[in-house]
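Colleague: I'm passing along protein-v9.txt; it holds compact mmCIF, N, CA and C atoms.
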```txt
# COMPACT_ATOMS: atom_id res chain seq x y z
N MET A 1 -5.27 -17.37 -13.36
CA MET A 1 -4.91 -16.11 -12.78
C MET A 1 -4.93 -15.05 -13.87
N ALA A 2 -5.50 -13.91 -13.56
CA ALA A 2 -5.59 -12.82 -14.52
C ALA A 2 -4.23 -12.20 -14.76
N CYS A 3 -4.03 -11.75 -15.97
CA CYS A 3 -2.78 -11.08 -16.33
C CYS A 3 -2.85 -9.65 -15.80
N MET A 4 -1.80 -9.25 -15.11
CA MET A 4 -1.75 -7.90 -14.57
C MET A 4 -0.72 -7.09 -15.34
N THR A 5 -1.01 -5.83 -15.53
CA THR A 5 -0.04 -4.94 -16.16
C THR A 5 0.29 -3.84 -15.18
N ALA A 6 1.47 -3.32 -15.31
CA ALA A 6 1.89 -2.23 -14.43
C ALA A 6 2.31 -1.06 -15.29
N SER A 7 2.00 0.11 -14.85
CA SER A 7 2.46 1.31 -15.52
C SER A 7 2.84 2.32 -14.47
N ILE A 8 3.69 3.21 -14.85
CA ILE A 8 4.16 4.25 -13.95
C ILE A 8 3.52 5.56 -14.38
N ILE A 9 2.97 6.30 -13.41
CA ILE A 9 2.47 7.63 -13.71
C ILE A 9 3.27 8.62 -12.87
N SER A 10 3.36 9.83 -13.35
CA SER A 10 4.11 10.85 -12.63
C SER A 10 3.26 11.41 -11.50
N ALA A 11 3.94 12.07 -10.57
CA ALA A 11 3.22 12.71 -9.47
C ALA A 11 2.25 13.76 -10.00
N SER A 12 2.64 14.49 -11.04
CA SER A 12 1.74 15.52 -11.58
C SER A 12 0.52 14.89 -12.25
N GLU A 13 0.70 13.73 -12.90
CA GLU A 13 -0.45 13.04 -13.49
C GLU A 13 -1.41 12.57 -12.41
N LEU A 14 -0.87 12.05 -11.31
CA LEU A 14 -1.71 11.61 -10.21
C LEU A 14 -2.44 12.80 -9.60
N ALA A 15 -1.73 13.90 -9.38
CA ALA A 15 -2.35 15.10 -8.81
C ALA A 15 -3.48 15.60 -9.70
N SER A 16 -3.27 15.58 -10.99
CA SER A 16 -4.30 16.02 -11.93
C SER A 16 -5.51 15.10 -11.86
N ASP A 17 -5.27 13.80 -11.81
CA ASP A 17 -6.35 12.81 -11.71
C ASP A 17 -7.15 13.01 -10.43
N LEU A 18 -6.44 13.23 -9.32
CA LEU A 18 -7.12 13.39 -8.03
C LEU A 18 -7.87 14.72 -7.96
N SER A 19 -7.33 15.76 -8.60
CA SER A 19 -7.96 17.08 -8.51
C SER A 19 -9.30 17.14 -9.23
N THR A 20 -9.52 16.25 -10.20
CA THR A 20 -10.78 16.25 -10.93
C THR A 20 -11.89 15.58 -10.14
N GLY A 21 -11.50 14.84 -9.09
CA GLY A 21 -12.49 14.16 -8.27
C GLY A 21 -13.03 12.90 -8.91
N GLY A 22 -12.54 12.56 -10.09
CA GLY A 22 -13.06 11.39 -10.78
C GLY A 22 -12.17 10.18 -10.70
N SER A 23 -11.15 10.23 -9.88
CA SER A 23 -10.21 9.11 -9.80
C SER A 23 -10.87 7.89 -9.19
N THR A 24 -10.61 6.75 -9.79
CA THR A 24 -11.08 5.49 -9.22
C THR A 24 -9.92 4.72 -8.59
N ALA A 25 -8.73 5.33 -8.61
CA ALA A 25 -7.54 4.65 -8.10
C ALA A 25 -7.60 4.48 -6.59
N VAL A 26 -7.08 3.35 -6.13
CA VAL A 26 -6.89 3.10 -4.71
C VAL A 26 -5.47 3.56 -4.39
N LEU A 27 -5.32 4.43 -3.42
CA LEU A 27 -4.01 4.95 -3.04
C LEU A 27 -3.53 4.24 -1.78
N LEU A 28 -2.39 3.56 -1.88
CA LEU A 28 -1.82 2.86 -0.75
C LEU A 28 -0.54 3.56 -0.32
N ASP A 29 -0.45 3.90 0.94
CA ASP A 29 0.76 4.50 1.52
C ASP A 29 1.48 3.39 2.26
N ALA A 30 2.60 2.95 1.70
CA ALA A 30 3.34 1.82 2.27
C ALA A 30 4.71 2.26 2.75
N ARG A 31 4.78 3.49 3.28
CA ARG A 31 6.10 4.00 3.70
C ARG A 31 6.73 3.10 4.74
N TYR A 32 8.04 2.93 4.59
CA TYR A 32 8.78 2.04 5.46
C TYR A 32 10.24 2.44 5.42
N GLN A 33 10.89 2.40 6.56
CA GLN A 33 12.32 2.69 6.63
C GLN A 33 12.98 1.56 7.38
N LEU A 34 13.85 0.82 6.69
CA LEU A 34 14.54 -0.31 7.30
C LEU A 34 15.29 0.15 8.54
N GLY A 35 14.99 -0.46 9.67
CA GLY A 35 15.65 -0.10 10.92
C GLY A 35 15.14 1.19 11.55
N GLY A 36 14.17 1.82 10.89
CA GLY A 36 13.65 3.09 11.39
C GLY A 36 12.36 2.91 12.15
N PRO A 37 11.76 4.02 12.52
CA PRO A 37 10.49 3.94 13.25
C PRO A 37 9.38 3.46 12.32
N PRO A 38 8.28 2.97 12.89
CA PRO A 38 7.14 2.56 12.06
C PRO A 38 6.65 3.72 11.20
N GLY A 39 6.06 3.40 10.06
CA GLY A 39 5.61 4.43 9.13
C GLY A 39 4.29 5.08 9.48
N ARG A 40 3.47 4.43 10.31
CA ARG A 40 2.14 4.98 10.58
C ARG A 40 2.16 6.40 11.16
N PRO A 41 3.03 6.73 12.13
CA PRO A 41 3.03 8.11 12.63
C PRO A 41 3.31 9.14 11.54
N GLU A 42 4.21 8.83 10.62
CA GLU A 42 4.47 9.76 9.52
C GLU A 42 3.25 9.87 8.61
N TYR A 43 2.61 8.74 8.34
CA TYR A 43 1.38 8.74 7.54
C TYR A 43 0.33 9.63 8.20
N GLU A 44 0.15 9.45 9.51
CA GLU A 44 -0.86 10.23 10.22
C GLU A 44 -0.52 11.72 10.25
N ALA A 45 0.77 12.05 10.19
CA ALA A 45 1.19 13.45 10.19
C ALA A 45 0.91 14.11 8.85
N GLY A 46 0.77 13.33 7.80
CA GLY A 46 0.48 13.90 6.49
C GLY A 46 0.61 12.88 5.39
N HIS A 47 -0.41 12.82 4.53
CA HIS A 47 -0.40 11.88 3.41
C HIS A 47 -1.32 12.42 2.31
N ILE A 48 -1.24 11.81 1.16
CA ILE A 48 -2.14 12.19 0.07
C ILE A 48 -3.57 11.92 0.52
N PRO A 49 -4.46 12.90 0.36
CA PRO A 49 -5.85 12.68 0.76
C PRO A 49 -6.42 11.42 0.10
N GLY A 50 -7.05 10.59 0.91
CA GLY A 50 -7.65 9.35 0.43
C GLY A 50 -6.74 8.14 0.48
N ALA A 51 -5.45 8.37 0.74
CA ALA A 51 -4.51 7.25 0.80
C ALA A 51 -4.77 6.42 2.06
N VAL A 52 -4.59 5.12 1.93
CA VAL A 52 -4.78 4.18 3.04
C VAL A 52 -3.41 3.62 3.40
N TYR A 53 -3.09 3.62 4.69
CA TYR A 53 -1.80 3.10 5.14
C TYR A 53 -1.84 1.58 5.18
N VAL A 54 -0.81 0.95 4.64
CA VAL A 54 -0.63 -0.49 4.76
C VAL A 54 0.74 -0.72 5.39
N ASP A 55 0.78 -1.56 6.40
CA ASP A 55 1.98 -1.77 7.19
C ASP A 55 2.87 -2.88 6.63
N MET A 56 4.13 -2.55 6.40
CA MET A 56 5.07 -3.52 5.85
C MET A 56 5.18 -4.76 6.72
N ASP A 57 5.35 -4.58 8.02
CA ASP A 57 5.62 -5.70 8.90
C ASP A 57 4.41 -6.58 9.19
N THR A 58 3.21 -6.02 9.22
CA THR A 58 2.04 -6.81 9.62
C THR A 58 1.09 -7.15 8.48
N GLU A 59 1.15 -6.41 7.36
CA GLU A 59 0.21 -6.66 6.27
C GLU A 59 0.87 -7.04 4.95
N LEU A 60 2.08 -6.56 4.73
CA LEU A 60 2.75 -6.80 3.45
C LEU A 60 3.84 -7.86 3.53
N ALA A 61 4.13 -8.34 4.73
CA ALA A 61 5.15 -9.37 4.90
C ALA A 61 4.74 -10.32 6.02
N GLY A 62 5.26 -11.52 5.93
CA GLY A 62 5.06 -12.50 6.99
C GLY A 62 6.12 -12.32 8.06
N PRO A 63 6.05 -13.12 9.11
CA PRO A 63 7.04 -13.04 10.18
C PRO A 63 8.44 -13.38 9.65
N PRO A 64 9.47 -12.71 10.14
CA PRO A 64 10.85 -13.03 9.72
C PRO A 64 11.19 -14.46 10.11
N GLY A 65 12.05 -15.07 9.34
CA GLY A 65 12.46 -16.44 9.63
C GLY A 65 13.28 -16.99 8.49
N ASP A 66 13.09 -18.26 8.21
CA ASP A 66 13.86 -18.91 7.14
C ASP A 66 13.60 -18.26 5.78
N GLY A 67 12.43 -17.64 5.61
CA GLY A 67 12.08 -16.99 4.35
C GLY A 67 12.68 -15.61 4.19
N GLY A 68 13.37 -15.12 5.21
CA GLY A 68 13.99 -13.80 5.13
C GLY A 68 13.37 -12.82 6.10
N ARG A 69 13.80 -11.57 6.03
CA ARG A 69 13.33 -10.52 6.93
C ARG A 69 11.88 -10.15 6.65
N HIS A 70 11.50 -10.10 5.38
CA HIS A 70 10.14 -9.75 4.98
C HIS A 70 9.64 -10.74 3.93
N PRO A 71 9.37 -11.99 4.34
CA PRO A 71 8.86 -12.98 3.38
C PRO A 71 7.43 -12.62 2.97
N LEU A 72 6.99 -13.25 1.92
CA LEU A 72 5.61 -13.01 1.49
C LEU A 72 4.66 -13.31 2.64
N PRO A 73 3.61 -12.50 2.79
CA PRO A 73 2.67 -12.73 3.89
C PRO A 73 1.73 -13.88 3.59
N ASP A 74 1.06 -14.34 4.62
CA ASP A 74 -0.01 -15.31 4.46
C ASP A 74 -1.05 -14.70 3.52
N LEU A 75 -1.53 -15.46 2.56
CA LEU A 75 -2.46 -14.95 1.56
C LEU A 75 -3.72 -14.36 2.21
N GLU A 76 -4.22 -14.97 3.27
CA GLU A 76 -5.42 -14.46 3.93
C GLU A 76 -5.15 -13.11 4.58
N VAL A 77 -3.99 -12.94 5.20
CA VAL A 77 -3.62 -11.67 5.83
C VAL A 77 -3.50 -10.58 4.78
N PHE A 78 -2.79 -10.89 3.69
CA PHE A 78 -2.61 -9.92 2.61
C PHE A 78 -3.96 -9.57 1.97
N GLY A 79 -4.76 -10.59 1.68
CA GLY A 79 -6.06 -10.35 1.07
C GLY A 79 -6.95 -9.47 1.94
N ALA A 80 -6.96 -9.73 3.24
CA ALA A 80 -7.77 -8.91 4.16
C ALA A 80 -7.27 -7.47 4.17
N ALA A 81 -5.96 -7.28 4.16
CA ALA A 81 -5.40 -5.92 4.15
C ALA A 81 -5.79 -5.19 2.87
N MET A 82 -5.73 -5.89 1.75
CA MET A 82 -6.06 -5.24 0.47
C MET A 82 -7.56 -4.92 0.39
N ARG A 83 -8.40 -5.82 0.88
CA ARG A 83 -9.84 -5.53 0.89
C ARG A 83 -10.13 -4.34 1.80
N ARG A 84 -9.49 -4.29 2.97
CA ARG A 84 -9.68 -3.17 3.89
C ARG A 84 -9.27 -1.85 3.23
N ALA A 85 -8.24 -1.92 2.41
CA ALA A 85 -7.74 -0.72 1.74
C ALA A 85 -8.59 -0.32 0.53
N GLY A 86 -9.50 -1.20 0.11
CA GLY A 86 -10.36 -0.88 -1.02
C GLY A 86 -9.90 -1.42 -2.36
N VAL A 87 -8.88 -2.28 -2.35
CA VAL A 87 -8.38 -2.87 -3.59
C VAL A 87 -9.39 -3.90 -4.09
N SER A 88 -9.70 -3.83 -5.37
CA SER A 88 -10.60 -4.81 -5.98
C SER A 88 -10.28 -4.92 -7.47
N ALA A 89 -10.79 -5.96 -8.09
CA ALA A 89 -10.55 -6.17 -9.51
C ALA A 89 -11.04 -4.97 -10.31
N GLY A 90 -10.24 -4.57 -11.27
CA GLY A 90 -10.66 -3.49 -12.15
C GLY A 90 -10.36 -2.08 -11.66
N ARG A 91 -9.87 -1.94 -10.44
CA ARG A 91 -9.51 -0.61 -9.91
C ARG A 91 -8.00 -0.45 -9.94
N PRO A 92 -7.51 0.62 -10.52
CA PRO A 92 -6.06 0.83 -10.49
C PRO A 92 -5.59 1.10 -9.08
N VAL A 93 -4.35 0.71 -8.81
CA VAL A 93 -3.75 0.89 -7.48
C VAL A 93 -2.48 1.70 -7.63
N VAL A 94 -2.34 2.72 -6.80
CA VAL A 94 -1.13 3.53 -6.75
C VAL A 94 -0.51 3.33 -5.38
N VAL A 95 0.78 2.94 -5.37
CA VAL A 95 1.48 2.71 -4.10
C VAL A 95 2.57 3.74 -3.95
```
In structure tokens, what does this structure look like?
Modeller:
Amino acid sequence: MACMTASIISASELASDLSTGGSTAVLLDARYQLGGPPGRPEYEAGHIPGAVYVDMDTELAGPPGDGGRHPLPDLEVFGAAMRRAGVSAGRPVVV
């Protein structure tokens, strides 16, 4: 398994990167509110241009059960969601 590193960038750094048009980052919008309405309507009402919505309940977590409310999803489901969103090796991801 490849070693992954994580870094935090500021909103202004991201805005600057996006404004140049040269960004290779994949933008994932994973908004979620525990006990609240689904996040997709808010995403559709407004999001960072180019961001792809990923759903907590159907793509980022498995069915609730013995593993908890949001257990890790099935690898195939998660992989398909990430491919659909444009995630690939070597591309930075902003969530």
Colleague: Rounded to one decimal in Å, what is the spacing between CA of His70 in chain A and CA of Tyr32 in chain A?
Modeller: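 Between CA of His70 in chain A and CA of Tyr32 in chain A the gap works out to 11.9 Å.
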Colleague: So which residues of chain A fall under strand (DSSP E) by DSSP, listed as a list in words?
Modeller: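 Those in chain A that DSSP calls strand (DSSP E) are Val26, Leu27, Leu28, Asp29, Val52, Tyr53, Val93 and Val94 of chain A.
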Colleague: Quote the spacing between CA of Tyr43 in chain A and atom N of Gly67 in chain A in Å to one decimal place.
Modeller: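 The value is 28.7 Å.
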Colleague: Tell me, in Å to one decimal, how far CA of Gly65 in chain A is from CA of Tyr53 in chain A.
Modeller: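 Separating CA of Gly65 in chain A from CA of Tyr53 in chain A is a distance of 24.6 Å.
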Colleague: Please list as number ranges by chain every residue within 8 Å of range 75-91 of chain A, counting all atoms listed in the file and excluding residues in the same chain fewer than 2 positions away.
Modeller: A: 24-28, 51-55, 58-61, 72-73, 93-94
Colleague: For N, CA and C atoms, I'd like the residues from the last selection saved as an mmCIF file, keeping the file's coordinate frame.
Modeller:
```cif
data_model
loop_
_atom_site.group_PDB
_atom_site.id
_atom_site.type_symbol
_atom_site.label_atom_id
_atom_site.label_comp_id
_atom_site.auth_asym_id
_atom_site.auth_seq_id
_atom_site.Cartn_x
_atom_site.Cartn_y
_atom_site.Cartn_z
ATOM 1 N N THR A 24 -10.610 6.750 -9.790
ATOM 2 C CA THR A 24 -11.080 5.490 -9.220
ATOM 3 C C THR A 24 -9.920 4.720 -8.590
ATOM 4 N N ALA A 25 -8.730 5.330 -8.610
ATOM 5 C CA ALA A 25 -7.540 4.650 -8.100
ATOM 6 C C ALA A 25 -7.600 4.480 -6.590
ATOM 7 N N VAL A 26 -7.080 3.350 -6.130
ATOM 8 C CA VAL A 26 -6.890 3.100 -4.710
ATOM 9 C C VAL A 26 -5.470 3.560 -4.390
ATOM 10 N N LEU A 27 -5.320 4.430 -3.420
ATOM 11 C CA LEU A 27 -4.010 4.950 -3.040
ATOM 12 C C LEU A 27 -3.530 4.240 -1.780
ATOM 13 N N LEU A 28 -2.390 3.560 -1.880
ATOM 14 C CA LEU A 28 -1.820 2.860 -0.750
ATOM 15 C C LEU A 28 -0.540 3.560 -0.320
ATOM 16 N N ALA A 51 -5.450 8.370 0.740
ATOM 17 C CA ALA A 51 -4.510 7.250 0.800
ATOM 18 C C ALA A 51 -4.770 6.420 2.060
ATOM 19 N N VAL A 52 -4.590 5.120 1.930
ATOM 20 C CA VAL A 52 -4.780 4.180 3.040
ATOM 21 C C VAL A 52 -3.410 3.620 3.400
ATOM 22 N N TYR A 53 -3.090 3.620 4.690
ATOM 23 C CA TYR A 53 -1.800 3.100 5.140
ATOM 24 C C TYR A 53 -1.840 1.580 5.180
ATOM 25 N N VAL A 54 -0.810 0.950 4.640
ATOM 26 C CA VAL A 54 -0.630 -0.490 4.760
ATOM 27 C C VAL A 54 0.740 -0.720 5.390
ATOM 28 N N ASP A 55 0.780 -1.560 6.400
ATOM 29 C CA ASP A 55 1.980 -1.770 7.190
ATOM 30 C C ASP A 55 2.870 -2.880 6.630
ATOM 31 N N THR A 58 3.210 -6.020 9.220
ATOM 32 C CA THR A 58 2.040 -6.810 9.620
ATOM 33 C C THR A 58 1.090 -7.150 8.480
ATOM 34 N N GLU A 59 1.150 -6.410 7.360
ATOM 35 C CA GLU A 59 0.210 -6.660 6.270
ATOM 36 C C GLU A 59 0.870 -7.040 4.950
ATOM 37 N N LEU A 60 2.080 -6.560 4.730
ATOM 38 C CA LEU A 60 2.750 -6.800 3.450
ATOM 39 C C LEU A 60 3.840 -7.860 3.530
ATOM 40 N N ALA A 61 4.130 -8.340 4.730
ATOM 41 C CA ALA A 61 5.150 -9.370 4.900
ATOM 42 C C ALA A 61 4.740 -10.320 6.020
ATOM 43 N N LEU A 72 6.990 -13.250 1.920
ATOM 44 C CA LEU A 72 5.610 -13.010 1.490
ATOM 45 C C LEU A 72 4.660 -13.310 2.640
ATOM 46 N N PRO A 73 3.610 -12.500 2.790
ATOM 47 C CA PRO A 73 2.670 -12.730 3.890
ATOM 48 C C PRO A 73 1.730 -13.880 3.590
ATOM 49 N N VAL A 93 -4.350 0.710 -8.810
ATOM 50 C CA VAL A 93 -3.750 0.890 -7.480
ATOM 51 C C VAL A 93 -2.480 1.700 -7.630
ATOM 52 N N VAL A 94 -2.340 2.720 -6.800
ATOM 53 C CA VAL A 94 -1.130 3.530 -6.750
ATOM 54 C C VAL A 94 -0.510 3.330 -5.380
#
```
Colleague: Using only N, CA and C atoms for the distances, tell me which of A:Arg69, A:Gly62, A:Asp29, A:Ser12 is nearest to Ile48 in chain A.
Modeller: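 Of the candidates, the smallest distance to Ile48 in chain A is held by A:Asp29.
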Colleague: Give the alpha helix (DSSP H) residues of range 9-83 of chain A, as DSSP finds them on the backbone, and put them as a list in words.
Modeller: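 These are the residues in question: Ala11, Ser12, Glu13, Leu14, Ala15, Ser16, Asp17, Leu18, Ser19, Arg40, Pro41, Glu42, Tyr43, Glu44, Ala45, Leu75, Glu76, Val77, Phe78, Gly79, Ala80, Ala81, Met82 and Arg83 of chain A.
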Colleague: Draw an axis-aligned box tight on the listed atoms of range 50-61 of chain A, then pad every side by 6 Å and write out centre and edge lengths in Å to one decimal as AutoDock Vina command-line options.
Modeller:
```
--center_x -1.0 --center_y 0.1 --center_z 5.0 --size_x 25.3 --size_y 32.9 --size_z 21.2
```
Colleague: Using only C-alpha atoms, which residues sit within 12 Å of Gln33 in chain A once same-chain residues fewer than 6 positions away are excluded, as a PyMOL selection string?
Modeller: chain A and resi 39-40+42+55-57
